[in-house]
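J.: File name coords-v1.cif; file contents mmCIF, C-alpha atoms and all ligand atoms; full text below.
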```cif
data_start
#
loop_
_atom_site.group_PDB
_atom_site.id
_atom_site.type_symbol
_atom_site.label_atom_id
_atom_site.label_comp_id
_atom_site.auth_asym_id
_atom_site.auth_seq_id
_atom_site.Cartn_x
_atom_site.Cartn_y
_atom_site.Cartn_z
ATOM 1 C CA MET A 1 0.000 0.000 0.000
ATOM 2 C CA GLN A 2 1.358 3.384 -1.014
ATOM 3 C CA PRO A 3 0.011 6.626 0.510
ATOM 4 C CA ARG A 4 -2.201 8.554 -1.900
ATOM 5 C CA ARG A 5 -0.512 11.884 -2.620
ATOM 6 C CA GLU A 6 -3.608 13.892 -3.469
ATOM 7 C CA VAL A 7 -2.823 17.150 -5.267
ATOM 8 C CA PHE A 8 -6.366 18.333 -4.455
ATOM 9 C CA PRO A 9 -9.133 16.440 -2.686
ATOM 10 C CA ASN A 10 -10.135 13.509 -4.909
ATOM 11 C CA VAL A 11 -7.353 14.202 -7.432
ATOM 12 C CA ILE A 12 -4.071 12.326 -7.894
ATOM 13 C CA GLU A 13 -1.516 13.008 -10.621
ATOM 14 C CA MET A 14 0.620 10.013 -11.482
ATOM 15 C CA ASN A 15 3.981 11.806 -12.108
ATOM 16 C CA GLN A 16 3.510 13.468 -8.733
ATOM 17 C CA GLN A 17 2.508 10.164 -7.172
ATOM 18 C CA ALA A 18 5.622 8.483 -8.626
ATOM 19 C CA ARG A 19 7.816 11.499 -7.707
ATOM 20 C CA ARG A 20 9.454 11.270 -11.125
ATOM 21 C CA ARG A 21 8.572 12.265 -14.652
ATOM 22 C CA LEU A 22 6.756 9.480 -16.461
ATOM 23 C CA GLY A 23 5.460 11.540 -19.390
ATOM 24 C CA CYS A 24 2.317 13.581 -19.855
ATOM 25 C CA CYS A 25 0.214 14.304 -16.783
ATOM 26 C CA VAL A 26 -2.103 11.424 -15.937
ATOM 27 C CA TYR A 27 -4.872 12.487 -13.575
ATOM 28 C CA LEU A 28 -6.833 10.056 -11.463
ATOM 29 C CA VAL A 29 -10.104 11.464 -10.110
ATOM 30 C CA HIS A 30 -11.977 9.376 -7.560
ATOM 31 C CA ASP A 31 -15.003 9.477 -5.317
ATOM 32 C CA ALA A 32 -16.908 6.811 -3.418
ATOM 33 C CA ASN A 33 -15.729 3.636 -5.116
ATOM 34 C CA GLU A 34 -15.446 5.010 -8.642
ATOM 35 C CA TRP A 35 -12.471 6.535 -10.417
ATOM 36 C CA LEU A 36 -11.357 7.715 -13.834
ATOM 37 C CA LEU A 37 -8.102 8.410 -15.638
ATOM 38 C CA MET A 38 -7.485 11.494 -17.766
ATOM 39 C CA ASP A 39 -4.932 10.470 -20.406
ATOM 40 C CA ILE A 40 -2.668 7.474 -19.973
ATOM 41 C CA GLY A 41 0.548 8.313 -21.852
ATOM 42 C CA TYR A 42 2.898 6.006 -23.732
ATOM 43 C CA GLU A 43 2.775 2.226 -23.587
ATOM 44 C CA ASP A 44 6.214 1.970 -21.951
ATOM 45 C CA THR A 45 4.996 3.699 -18.773
ATOM 46 C CA LEU A 46 1.653 1.888 -18.561
ATOM 47 C CA ASP A 47 2.864 -0.918 -16.281
ATOM 48 C CA ASP A 48 4.332 1.606 -13.817
ATOM 49 C CA ILE A 49 1.072 3.559 -13.766
ATOM 50 C CA ILE A 50 -1.049 0.454 -13.255
ATOM 51 C CA LYS A 51 1.288 -0.647 -10.448
ATOM 52 C CA LEU A 52 0.942 2.739 -8.719
ATOM 53 C CA ILE A 53 -2.838 2.582 -9.010
ATOM 54 C CA ARG A 54 -2.876 -0.890 -7.479
ATOM 55 C CA GLU A 55 -0.513 0.165 -4.692
ATOM 56 C CA MET A 56 -2.847 3.058 -3.836
ATOM 57 C CA ASP A 57 -5.588 0.477 -3.476
ATOM 58 C CA PHE A 58 -7.860 1.537 -6.314
ATOM 59 C CA PRO A 59 -9.472 -1.668 -7.633
ATOM 60 C CA LEU A 60 -8.918 -1.784 -11.391
ATOM 61 C CA ALA A 61 -12.470 -3.090 -11.788
ATOM 62 C CA ASN A 62 -13.787 0.239 -10.455
ATOM 63 C CA CYS A 63 -12.293 2.386 -13.211
ATOM 64 C CA LYS A 64 -15.313 3.990 -14.881
ATOM 65 C CA TYR A 65 -13.726 6.119 -17.618
ATOM 66 C CA LEU A 66 -10.492 6.228 -19.601
ATOM 67 C CA ILE A 67 -10.477 9.742 -21.034
ATOM 68 C CA ALA A 68 -8.492 11.008 -24.007
ATOM 69 C CA THR A 69 -8.085 14.788 -23.655
ATOM 70 C CA HIS A 70 -7.190 14.663 -27.369
ATOM 71 C CA ALA A 71 -5.606 12.066 -29.672
ATOM 72 C CA ASP A 72 -1.872 12.942 -29.555
ATOM 73 C CA VAL A 73 0.268 9.811 -29.344
ATOM 74 C CA ASP A 74 2.019 10.945 -26.128
ATOM 75 C CA HIS A 75 -1.365 11.101 -24.387
ATOM 76 C CA VAL A 76 -3.102 8.009 -25.770
ATOM 77 C CA GLN A 77 -0.640 5.424 -27.060
ATOM 78 C CA ALA A 78 -1.392 3.098 -24.124
ATOM 79 C CA LEU A 79 -5.160 3.545 -24.316
ATOM 80 C CA LYS A 80 -5.766 0.298 -26.183
ATOM 81 C CA ARG A 81 -3.721 -1.723 -23.679
ATOM 82 C CA ALA A 82 -5.329 0.077 -20.741
ATOM 83 C CA LYS A 83 -8.755 -0.859 -22.104
ATOM 84 C CA GLU A 84 -7.621 -4.499 -22.342
ATOM 85 C CA ILE A 85 -6.525 -4.407 -18.690
ATOM 86 C CA MET A 86 -9.725 -2.612 -17.550
ATOM 87 C CA PRO A 87 -12.391 -3.813 -20.007
ATOM 88 C CA GLN A 88 -15.263 -2.376 -17.958
ATOM 89 C CA ALA A 89 -13.891 1.184 -18.270
ATOM 90 C CA GLN A 90 -15.460 3.250 -21.032
ATOM 91 C CA VAL A 91 -13.057 4.955 -23.421
ATOM 92 C CA VAL A 92 -14.149 8.581 -23.653
ATOM 93 C CA GLY A 93 -13.167 11.503 -25.889
ATOM 94 C CA HIS A 94 -14.274 14.063 -28.453
ATOM 95 C CA ARG A 95 -15.648 12.910 -31.820
ATOM 96 C CA HIS A 96 -12.618 14.396 -33.606
ATOM 97 C CA ALA A 97 -10.344 12.219 -31.454
ATOM 98 C CA ALA A 98 -12.623 9.224 -32.081
ATOM 99 C CA LYS A 99 -11.979 9.519 -35.815
ATOM 100 C CA LEU A 100 -8.195 9.642 -35.394
ATOM 101 C CA LEU A 101 -8.096 6.815 -32.846
ATOM 102 C CA ALA A 102 -10.404 4.540 -34.866
ATOM 103 C CA THR A 103 -8.064 4.670 -37.860
ATOM 104 C CA GLY A 104 -4.765 4.904 -35.969
ATOM 105 C CA GLU A 105 -4.105 8.206 -37.797
ATOM 106 C CA ARG A 106 -0.372 8.906 -37.720
ATOM 107 C CA ILE A 107 0.236 12.445 -38.966
ATOM 108 C CA MET A 108 -2.350 14.365 -36.925
ATOM 109 C CA THR A 109 -1.357 12.470 -33.778
ATOM 110 C CA TYR A 110 2.440 13.013 -34.114
ATOM 111 C CA ALA A 111 3.090 9.263 -34.365
ATOM 112 C CA GLU A 112 4.794 9.934 -37.711
ATOM 113 C CA ILE A 113 7.081 12.915 -38.309
ATOM 114 C CA ALA A 114 8.989 11.605 -41.300
ATOM 115 C CA ALA A 115 11.235 14.672 -41.627
ATOM 116 C CA GLN A 116 12.590 14.028 -38.124
ATOM 117 C CA GLY A 117 12.721 10.243 -38.344
ATOM 118 C CA ILE A 118 9.938 9.865 -35.779
ATOM 119 C CA SER A 119 7.773 6.822 -36.363
ATOM 120 C CA ILE A 120 6.151 5.112 -33.403
ATOM 121 C CA PRO A 121 3.163 2.789 -32.976
ATOM 122 C CA MET A 122 -0.292 4.332 -32.714
ATOM 123 C CA PRO A 123 -2.627 1.484 -31.711
ATOM 124 C CA ARG A 124 -6.211 1.831 -32.891
ATOM 125 C CA VAL A 125 -8.824 2.114 -30.204
ATOM 126 C CA GLU A 126 -12.547 2.761 -30.204
ATOM 127 C CA ILE A 127 -13.929 5.766 -28.333
ATOM 128 C CA GLU A 128 -17.052 4.226 -26.835
ATOM 129 C CA LYS A 129 -18.543 7.415 -25.475
ATOM 130 C CA THR A 130 -18.068 10.689 -27.342
ATOM 131 C CA ILE A 131 -18.364 13.811 -25.249
ATOM 132 C CA ASP A 132 -18.555 17.481 -26.142
ATOM 133 C CA GLU A 133 -19.146 20.957 -24.744
ATOM 134 C CA GLY A 134 -21.782 20.945 -22.003
ATOM 135 C CA ASP A 135 -21.618 17.257 -21.137
ATOM 136 C CA VAL A 136 -21.154 16.284 -17.499
ATOM 137 C CA LEU A 137 -19.230 13.238 -16.272
ATOM 138 C CA GLU A 138 -20.047 11.819 -12.853
ATOM 139 C CA ILE A 139 -17.654 9.985 -10.555
ATOM 140 C CA GLY A 140 -19.305 9.070 -7.268
ATOM 141 C CA GLY A 141 -20.836 12.379 -6.149
ATOM 142 C CA LEU A 142 -18.474 14.526 -8.232
ATOM 143 C CA LYS A 143 -19.602 16.342 -11.341
ATOM 144 C CA ILE A 144 -17.068 17.172 -14.027
ATOM 145 C CA ASP A 145 -18.061 19.637 -16.757
ATOM 146 C CA VAL A 146 -16.753 19.037 -20.251
ATOM 147 C CA TRP A 147 -15.355 22.047 -22.107
ATOM 148 C CA HIS A 148 -14.474 21.868 -25.782
ATOM 149 C CA THR A 149 -11.333 24.022 -26.069
ATOM 150 C CA PRO A 150 -9.973 23.604 -29.614
ATOM 151 C CA GLY A 151 -6.857 25.398 -30.850
ATOM 152 C CA HIS A 152 -3.919 23.085 -30.218
ATOM 153 C CA ALA A 153 -6.001 20.276 -31.729
ATOM 154 C CA PRO A 154 -9.623 20.111 -32.913
ATOM 155 C CA ALA A 155 -10.358 17.408 -30.323
ATOM 156 C CA GLN A 156 -8.860 19.226 -27.317
ATOM 157 C CA LEU A 157 -11.075 18.935 -24.256
ATOM 158 C CA SER A 158 -10.763 20.524 -20.832
ATOM 159 C CA PHE A 159 -12.592 19.422 -17.707
ATOM 160 C CA ARG A 160 -13.876 21.672 -14.974
ATOM 161 C CA MET A 161 -14.357 20.406 -11.462
ATOM 162 C CA GLY A 162 -15.253 23.261 -9.095
ATOM 163 C CA LYS A 163 -12.268 25.610 -8.890
ATOM 164 C CA LEU A 164 -10.066 23.216 -10.873
ATOM 165 C CA LEU A 165 -9.660 23.076 -14.636
ATOM 166 C CA PHE A 166 -7.935 20.091 -16.194
ATOM 167 C CA SER A 167 -6.694 22.336 -18.964
ATOM 168 C CA GLY A 168 -5.049 19.948 -21.428
ATOM 169 C CA ASP A 169 -2.493 21.477 -23.788
ATOM 170 C CA ASN A 170 -3.969 24.986 -23.646
ATOM 171 C CA ILE A 171 -1.316 26.591 -21.438
ATOM 172 C CA TYR A 172 1.535 25.525 -19.161
ATOM 173 C CA ARG A 173 3.080 27.102 -16.080
ATOM 174 C CA ASP A 174 5.706 29.010 -18.093
ATOM 175 C CA GLY A 175 3.075 30.528 -20.409
ATOM 176 C CA CYS A 176 3.956 28.205 -23.312
ATOM 177 C CA VAL A 177 1.071 26.603 -25.175
ATOM 178 C CA GLY A 178 0.581 23.254 -26.904
ATOM 179 C CA ASN A 179 2.311 22.903 -30.268
ATOM 180 C CA ILE A 180 0.836 25.030 -33.067
ATOM 181 C CA ASP A 181 1.061 23.016 -36.253
ATOM 182 C CA ALA A 182 -1.045 23.058 -39.394
ATOM 183 C CA HIS A 183 -0.619 19.304 -39.951
ATOM 184 C CA HIS A 184 -2.047 18.754 -36.497
ATOM 185 C CA GLY A 185 -5.209 20.756 -37.129
ATOM 186 C CA SER A 186 -4.114 23.662 -34.917
ATOM 187 C CA ASP A 187 -6.177 26.813 -35.321
ATOM 188 C CA LEU A 188 -5.003 30.134 -33.902
ATOM 189 C CA PRO A 189 -8.386 31.953 -33.745
ATOM 190 C CA SER A 190 -9.901 28.975 -31.853
ATOM 191 C CA PHE A 191 -6.844 28.770 -29.613
ATOM 192 C CA ILE A 192 -7.222 32.434 -28.634
ATOM 193 C CA LYS A 193 -10.936 31.901 -27.947
ATOM 194 C CA SER A 194 -10.166 28.918 -25.692
ATOM 195 C CA LEU A 195 -7.533 30.900 -23.766
ATOM 196 C CA LYS A 196 -9.916 33.852 -23.328
ATOM 197 C CA ARG A 197 -12.529 31.489 -21.988
ATOM 198 C CA ILE A 198 -10.073 30.124 -19.442
ATOM 199 C CA ARG A 199 -8.993 33.694 -18.521
ATOM 200 C CA ASP A 200 -12.596 34.860 -18.045
ATOM 201 C CA SER A 201 -13.662 31.831 -15.989
ATOM 202 C CA ASN A 202 -13.623 31.763 -12.207
ATOM 203 C CA VAL A 203 -11.426 28.691 -12.196
ATOM 204 C CA GLU A 204 -8.549 29.081 -9.707
ATOM 205 C CA TRP A 205 -6.178 26.251 -10.555
ATOM 206 C CA LEU A 206 -4.976 24.881 -13.885
ATOM 207 C CA LEU A 207 -4.047 21.212 -14.089
ATOM 208 C CA PRO A 208 -2.243 21.008 -17.419
ATOM 209 C CA SER A 209 -1.358 17.965 -19.508
ATOM 210 C CA HIS A 210 2.389 18.676 -19.216
ATOM 211 C CA GLY A 211 4.419 20.040 -16.314
ATOM 212 C CA PRO A 212 3.372 21.191 -12.871
ATOM 213 C CA ILE A 213 -0.049 22.302 -11.677
ATOM 214 C CA PHE A 214 -0.272 26.088 -11.245
ATOM 215 C CA ARG A 215 -2.554 28.873 -10.109
ATOM 216 C CA LYS A 216 -4.483 30.602 -12.895
ATOM 217 C CA ASP A 217 -2.857 33.970 -13.560
ATOM 218 C CA ASN A 218 -4.884 36.311 -15.765
ATOM 219 C CA ALA A 219 -1.921 38.590 -16.501
ATOM 220 C CA GLN A 220 0.001 35.590 -17.824
ATOM 221 C CA LEU A 221 -3.004 34.394 -19.836
ATOM 222 C CA GLN A 222 -3.374 37.870 -21.305
ATOM 223 C CA GLN A 223 0.290 37.901 -22.348
ATOM 224 C CA THR A 224 -0.097 34.506 -23.970
ATOM 225 C CA ILE A 225 -3.259 35.612 -25.795
ATOM 226 C CA GLU A 226 -1.442 38.680 -27.129
ATOM 227 C CA ARG A 227 1.468 36.517 -28.272
ATOM 228 C CA LEU A 228 -0.863 34.181 -30.163
ATOM 229 C CA ASP A 229 -2.619 37.205 -31.625
ATOM 230 C CA GLN A 230 0.739 38.291 -33.070
ATOM 231 C CA TYR A 231 1.280 34.785 -34.459
ATOM 232 C CA GLN A 232 -1.920 35.236 -36.476
ATOM 233 C CA HIS A 233 -0.157 37.872 -38.589
ATOM 234 C CA MET A 234 3.316 36.330 -38.866
ATOM 235 C CA ALA A 235 4.789 34.313 -41.729
ATOM 236 C CA ASP A 236 6.582 32.227 -39.072
ATOM 237 C CA PHE A 237 3.322 30.344 -38.533
ATOM 238 C CA GLY A 238 2.758 29.527 -42.206
ATOM 239 C CA THR A 239 -0.784 28.454 -43.019
ATOM 240 C CA CYS A 240 -1.760 28.832 -39.350
ATOM 241 C CA ALA A 241 -1.425 32.615 -39.741
ATOM 242 C CA ILE A 242 -4.588 34.333 -40.982
ATOM 243 C CA ASP A 243 -2.752 37.059 -42.886
ATOM 244 C CA TRP A 244 0.646 38.615 -43.495
ATOM 245 C CA PRO A 245 0.519 42.411 -43.548
ATOM 246 C CA LEU A 246 3.864 42.683 -45.367
ATOM 247 C CA LEU A 247 2.239 41.387 -48.542
ATOM 248 C CA ASP A 248 -0.405 44.146 -48.412
ATOM 249 C CA GLU A 249 2.330 46.728 -47.921
ATOM 250 C CA TRP A 250 4.175 45.270 -50.883
ATOM 251 C CA ASP A 251 1.021 45.371 -53.042
ATOM 252 C CA ASP A 252 0.749 49.111 -52.315
ATOM 253 C CA GLU A 253 4.423 49.751 -53.001
ATOM 254 C CA LEU A 254 4.292 47.828 -56.259
ATOM 255 C CA ALA A 255 1.144 49.704 -57.361
ATOM 256 C CA ARG A 256 2.829 53.048 -56.576
ATOM 257 C CA GLY A 257 5.772 51.941 -58.682
ATOM 258 C CA GLU A 258 8.212 52.458 -55.823
ATOM 259 C CA PRO A 259 11.581 51.115 -56.840
ATOM 260 C CA SER A 260 13.178 48.511 -54.629
ATOM 261 C CA PRO A 261 16.474 49.636 -53.112
ATOM 262 C CA ALA A 262 19.312 48.429 -55.286
HETATM 263 ZN ZN ZN A 301 0.320 17.169 -25.278
#
```
I need this file expressed as structure tokens, please.

T.:
Amino acid sequence: MQPRREVFPNVIEMNQQARRRLGCCVYLVHDANEWLLMDIGYEDTLDDIIKLIREMDFPLANCKYLIATHADVDHVQALKRAKEIMPQAQVVGHRHAAKLLATGERIMTYAEIAAQGISIPMPRVEIEKTIDEGDVLEIGGLKIDVWHTPGHAPAQLSFRMGKLLFSGDNIYRDGCVGNIDAHHGSDLPSFIKSLKRIRDSNVEWLLPSHGPIFRKDNAQLQQTIERLDQYQHMADFGTCAIDWPLLDEWDDELARGEPSPA
């Protein structure tokens, strides 16, 4: 038996529980005799996570939900094996994630980045219960509100439980955000909307999918929103940018017949 290191009442985070970095954050939420897992990470850390859960005395048969916050390989690679170990648990996620997971999609999930020699398994798994904005998940007497917060990925979900927001890849403690990548379905206007929603909420704590838990800081969120707003008008972000003002300036200069400097 291992003591449960709750980060908040009813919430355990598996990296924190292990006191070492396993991978993405894996949250266990429990009440009465039910519990769920938010993300599960890579296959090579699954056995360690299952062992920790057993040592904390959570019966595997009482796992109600295995949630995919979105379909990135670092969050869901072990989902298929986890479902085999806990067949009664329902696999839960957004319909966009369901599509990617059903086909074992490799590009949009980062399983395959040919240009960098990255090619790792992406086991197919069925999302048995699709959830979306406004849905509520229940664990014992706890109610967890589902927020659809696209931007990093179309399937990105966040989960609100009282003053806590399981905030996925929306923002991390250092103000960085989840990867912005056209091949991944990232969308800057949606991302900004999701961040504004988090800023304007009365949530007090953010429980991200990577790195430490931190207190919501509206000044930091504002800075991040303004940074992403700049990205929308920068060539650096390729097809994720919505425009590039330099080209308009150039149009005007060309039309005026201004000579380029020699
Ligand atoms: Zn991630």

J.: Counting only C-alpha atoms and all ligand atoms, which residues of chain A fall within 9 Å of ligand ZN 301 (chain A), and what is the closest atom pair for each with its distance in Å at one decimal, ordered by chain and rising number, as a Markdown table?

T.:
```
| residue | atom | partner | partner_atom | distance |
| --- | --- | --- | --- | --- |
| A:Cys24 | CA | A:ZN301 | ZN | 6.8 |
| A:Cys25 | CA | A:ZN301 | ZN | 9.0 |
| A:Thr69 | CA | A:ZN301 | ZN | 8.9 |
| A:His70 | CA | A:ZN301 | ZN | 8.2 |
| A:Ala71 | CA | A:ZN301 | ZN | 9.0 |
| A:Asp72 | CA | A:ZN301 | ZN | 6.4 |
| A:Val73 | CA | A:ZN301 | ZN | 8.4 |
| A:Asp74 | CA | A:ZN301 | ZN | 6.5 |
| A:His75 | CA | A:ZN301 | ZN | 6.4 |
| A:His152 | CA | A:ZN301 | ZN | 8.8 |
| A:Gly168 | CA | A:ZN301 | ZN | 7.2 |
| A:Asp169 | CA | A:ZN301 | ZN | 5.4 |
| A:Gly178 | CA | A:ZN301 | ZN | 6.3 |
| A:Asn179 | CA | A:ZN301 | ZN | 7.9 |
| A:Ser209 | CA | A:ZN301 | ZN | 6.1 |
| A:His210 | CA | A:ZN301 | ZN | 6.6 |
```

J.: Between CA of Arg199 (chain A) and CA of Tyr110 (chain A), measure the distance and give it in Å to one decimal.

T.: 28.3 Å

J.: One decimal, Å: what's the distance from CA of Asp217 (chain A) over to CA of Leu157 (chain A), could you say?

T.: 20.2 Å

J.: Distance CA of Glu138 (chain A)-CA of Ile67 (chain A), one decimal place?

T.: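 Distance between the two atoms: 12.8 Å.
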
J.: Which of these residues is nearest to Ile144 (chain A), using only C-alpha atoms: A:Met234, A:Ile127, A:Leu164, A:Leu79?

T.: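 Looking at the shortest contact to Ile144 (chain A), the residue is A:Leu164.
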
J.: Please list as a list in words every residue within 12 Å of Glu112 (chain A), counting all atoms listed in the file and excluding residues in the same chain fewer than 3 positions away.

T.: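 Listed by chain and then number, they are Asp72, Val73, Asp74, Gly104, Glu105, Arg106, Ile107, Met108, Thr109, Ala115, Gln116, Gly117, Ile118, Ser119, Ile120, Pro121, Met122, His183 and His184 of chain A.
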
J.: Starting from the incomplete input, reconstruct N, CA and C atoms of region 179-199 of chain A and write that as a compact mmCIF listing (two decimals), in the coordinates of the input.

T.:
```
# COMPACT_ATOMS: atom_id res chain seq x y z
N ASN A 179 1.78 22.74 -28.92
CA ASN A 179 2.31 22.90 -30.27
C ASN A 179 1.28 23.44 -31.26
N ILE A 180 1.69 24.46 -32.02
CA ILE A 180 0.84 25.03 -33.07
C ILE A 180 1.36 24.53 -34.40
N ASP A 181 0.57 23.74 -35.09
CA ASP A 181 1.06 23.02 -36.25
C ASP A 181 -0.11 22.74 -37.20
N ALA A 182 0.04 23.21 -38.42
CA ALA A 182 -1.04 23.06 -39.39
C ALA A 182 -1.39 21.59 -39.63
N HIS A 183 -0.37 20.73 -39.67
CA HIS A 183 -0.62 19.30 -39.95
C HIS A 183 -1.37 18.63 -38.81
N HIS A 184 -1.45 19.31 -37.71
CA HIS A 184 -2.05 18.75 -36.50
C HIS A 184 -3.48 19.26 -36.33
N GLY A 185 -3.87 20.17 -37.23
CA GLY A 185 -5.21 20.76 -37.13
C GLY A 185 -5.28 21.92 -36.17
N SER A 186 -4.11 22.51 -35.82
CA SER A 186 -4.11 23.66 -34.92
C SER A 186 -4.80 24.84 -35.59
N ASP A 187 -5.43 25.67 -34.79
CA ASP A 187 -6.18 26.81 -35.32
C ASP A 187 -6.02 27.98 -34.35
N LEU A 188 -5.32 29.02 -34.81
CA LEU A 188 -5.00 30.13 -33.90
C LEU A 188 -6.24 30.88 -33.41
N PRO A 189 -7.21 31.25 -34.28
CA PRO A 189 -8.39 31.95 -33.74
C PRO A 189 -9.12 31.13 -32.67
N SER A 190 -9.25 29.82 -32.88
CA SER A 190 -9.90 28.98 -31.85
C SER A 190 -9.06 28.92 -30.58
N PHE A 191 -7.75 28.86 -30.76
CA PHE A 191 -6.84 28.77 -29.61
C PHE A 191 -7.03 30.00 -28.73
N ILE A 192 -7.07 31.17 -29.37
CA ILE A 192 -7.22 32.43 -28.63
C ILE A 192 -8.57 32.44 -27.90
N LYS A 193 -9.61 31.96 -28.59
CA LYS A 193 -10.94 31.90 -27.95
C LYS A 193 -10.91 31.01 -26.71
N SER A 194 -10.25 29.85 -26.83
CA SER A 194 -10.17 28.92 -25.69
C SER A 194 -9.41 29.55 -24.53
N LEU A 195 -8.32 30.26 -24.83
CA LEU A 195 -7.53 30.90 -23.77
C LEU A 195 -8.32 32.03 -23.11
N LYS A 196 -9.10 32.77 -23.91
CA LYS A 196 -9.92 33.85 -23.33
C LYS A 196 -10.98 33.27 -22.41
N ARG A 197 -11.52 32.14 -22.81
CA ARG A 197 -12.53 31.49 -21.99
C ARG A 197 -11.94 31.08 -20.64
N ILE A 198 -10.74 30.52 -20.69
CA ILE A 198 -10.07 30.12 -19.44
C ILE A 198 -9.80 31.37 -18.60
N ARG A 199 -9.28 32.43 -19.24
CA ARG A 199 -8.99 33.69 -18.52
C ARG A 199 -10.26 34.22 -17.84
```
